[in-house]
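A short worksheet on the structure shown next.
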Amino acid sequence: MKSFTRLLLASAGVSFLLLSCEKESLKIDKENEFNIPFTANVNEHIALKSDDSQVLITVKNISDRRCANHLDCLDAGMAAVRVQVSTSENSKAESFLYLGTVGEDRKTVDSVTVRLNKSWYVVSLHSVNPHPMMETTEAQTAELSIKPKP
């Protein structure tokens, strides 16, 4: 009887582990098409769909250290956006995209290529808004686009 109880407890534990490892159910906030820029807030989940694939993108963080428009700065500063791109098959990639002064370069658009499963995608950051100002209460947003790479 002891071994039956142990077996029952062990199988219950394994069942619990398997159920907790199921795919994470993600709430999709917006849908967009590939190759078309879209605006995303931090922690907003955007689905991009085509006939043969679906990609989800989430802006994880926006850090904006650019010089405010009304100031005369020696360094223009930089905005950094951390994104997570994933598929419904749980393939994930995270990356940072930058605008502004990055080292010696002045970036107005930044792109990164990510691989999800067997497909490649180009994620581009076009802007971060609003630009830093003295008294703004608007939430920071990132304007992004994703295109499949042939």
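Ordering of the structure tokens sets the chain letters (A, B, ...); residue numbers start at 1 within each chain; ligands are numbered from 1 in the order shown.
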
For range 66-80 of chain A, list every protein, DNA or RNA residue within 6 Å, evaluated using only C-alpha atoms, and leave out those in the same chain fewer than 5 positions away; present the list as a CSV table (one decimal) with N, CA, C and O atoms, in the first residue's frame.
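Saved result, out-v8.csv, follows:
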```csv
chain,number,residue,atom,x,y,z
A,97,LEU,N,17.4,48.0,-29.1
A,97,LEU,CA,17.5,48.9,-30.3
A,97,LEU,C,17.8,50.3,-29.8
A,97,LEU,O,17.2,50.7,-28.7
A,98,TYR,N,18.6,51.1,-30.5
A,98,TYR,CA,19.0,52.4,-30.0
A,98,TYR,C,18.7,53.5,-31.1
A,98,TYR,O,18.9,53.3,-32.3
A,99,LEU,N,18.4,54.7,-30.6
A,99,LEU,CA,18.3,55.9,-31.4
A,99,LEU,C,19.1,57.0,-30.7
A,99,LEU,O,19.2,57.0,-29.5
A,100,GLY,N,19.7,57.8,-31.5
A,100,GLY,CA,20.5,58.9,-31.0
A,100,GLY,C,22.0,58.7,-31.2
A,100,GLY,O,22.4,58.0,-32.1
A,101,THR,N,22.8,59.2,-30.3
A,101,THR,CA,24.2,59.0,-30.4
A,101,THR,C,24.6,57.7,-29.7
A,101,THR,O,24.5,57.5,-28.5
A,132,PRO,N,12.0,63.8,-25.1
A,132,PRO,CA,12.1,64.4,-23.7
A,132,PRO,C,11.8,65.9,-23.7
A,132,PRO,O,12.3,66.6,-24.5
A,133,MET,N,10.9,66.3,-22.8
A,133,MET,CA,10.5,67.7,-22.6
A,133,MET,C,10.5,68.0,-21.1
A,133,MET,O,10.5,67.1,-20.3
```

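Proximity to Val122 in chain A at 12 Å, evaluated using only C-alpha atoms and with sequence-adjacent residues fewer than 6 positions away removed, yields A:Phe34, A:Asn35, A:Val55, A:Val85, A:Ala93, A:Ser95, A:Leu97, A:Asp110, A:Ser111, A:Val112, A:Thr113, A:Val114, A:Arg115, A:Leu116, A:Leu144, A:Ser145, A:Ile146, A:Lys147, A:Pro148, A:Lys149, A:Pro150.
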
Q | Residues of range 56-138 of chain A in strand (DSSP E or B), written as a PyMOL selection string | A | chain A and resi 56-64+78-87+92-102+105-107+110-116+119-129

Q. Which residues, written as a PyMOL selection string, have at least one atom at most 7 Å from Val128 in chain A, with only C-alpha atoms counted and residues fewer than 4 positions away on the same chain left out?
A. chain A and resi 140-143

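Of the residues listed (A:Ala139, A:Lys92, A:Arg65, A:Ser119), A:Ala139 shows the shortest atom-to-atom separation from Asn43 in chain A; distances use only C-alpha atoms.
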
(Q) as a list in words, please: every residue in range 13-106 of chain A that DSSP puts in helix (DSSP H, G or I). (A)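 Restricting range 13-106 of chain A to helix (DSSP H, G or I) produces Gly13, Val14, Ser15, Phe16, Leu17, Leu18, Leu19 and Ser20 of chain A.
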
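For the pair CA of His45 in chain A and CA of Val123 in chain A, the interatomic distance is 14.8 Å.
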
Q.
Let me make sure I understand: among A:Glu94, A:Lys60, A:Tyr121, A:Glu104, which one has the smallest atom-to-atom distance to Leu48 in chain A if we use only C-alpha atoms?
A. A:Tyr121

Q: State, in Å with one decimal place, the distance from CA of Thr137 in chain A to CA of Val102 in chain A.
A: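 Computing it gives 26.5 Å between the two atoms.
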
Q.
Restricting the calculation to only C-alpha atoms: of A:Ile36, A:Leu125, A:Ile28, A:Val83, which residue gets closest to Val59 in chain A?
A.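 Smallest distance to Val59 in chain A is found for A:Val83.
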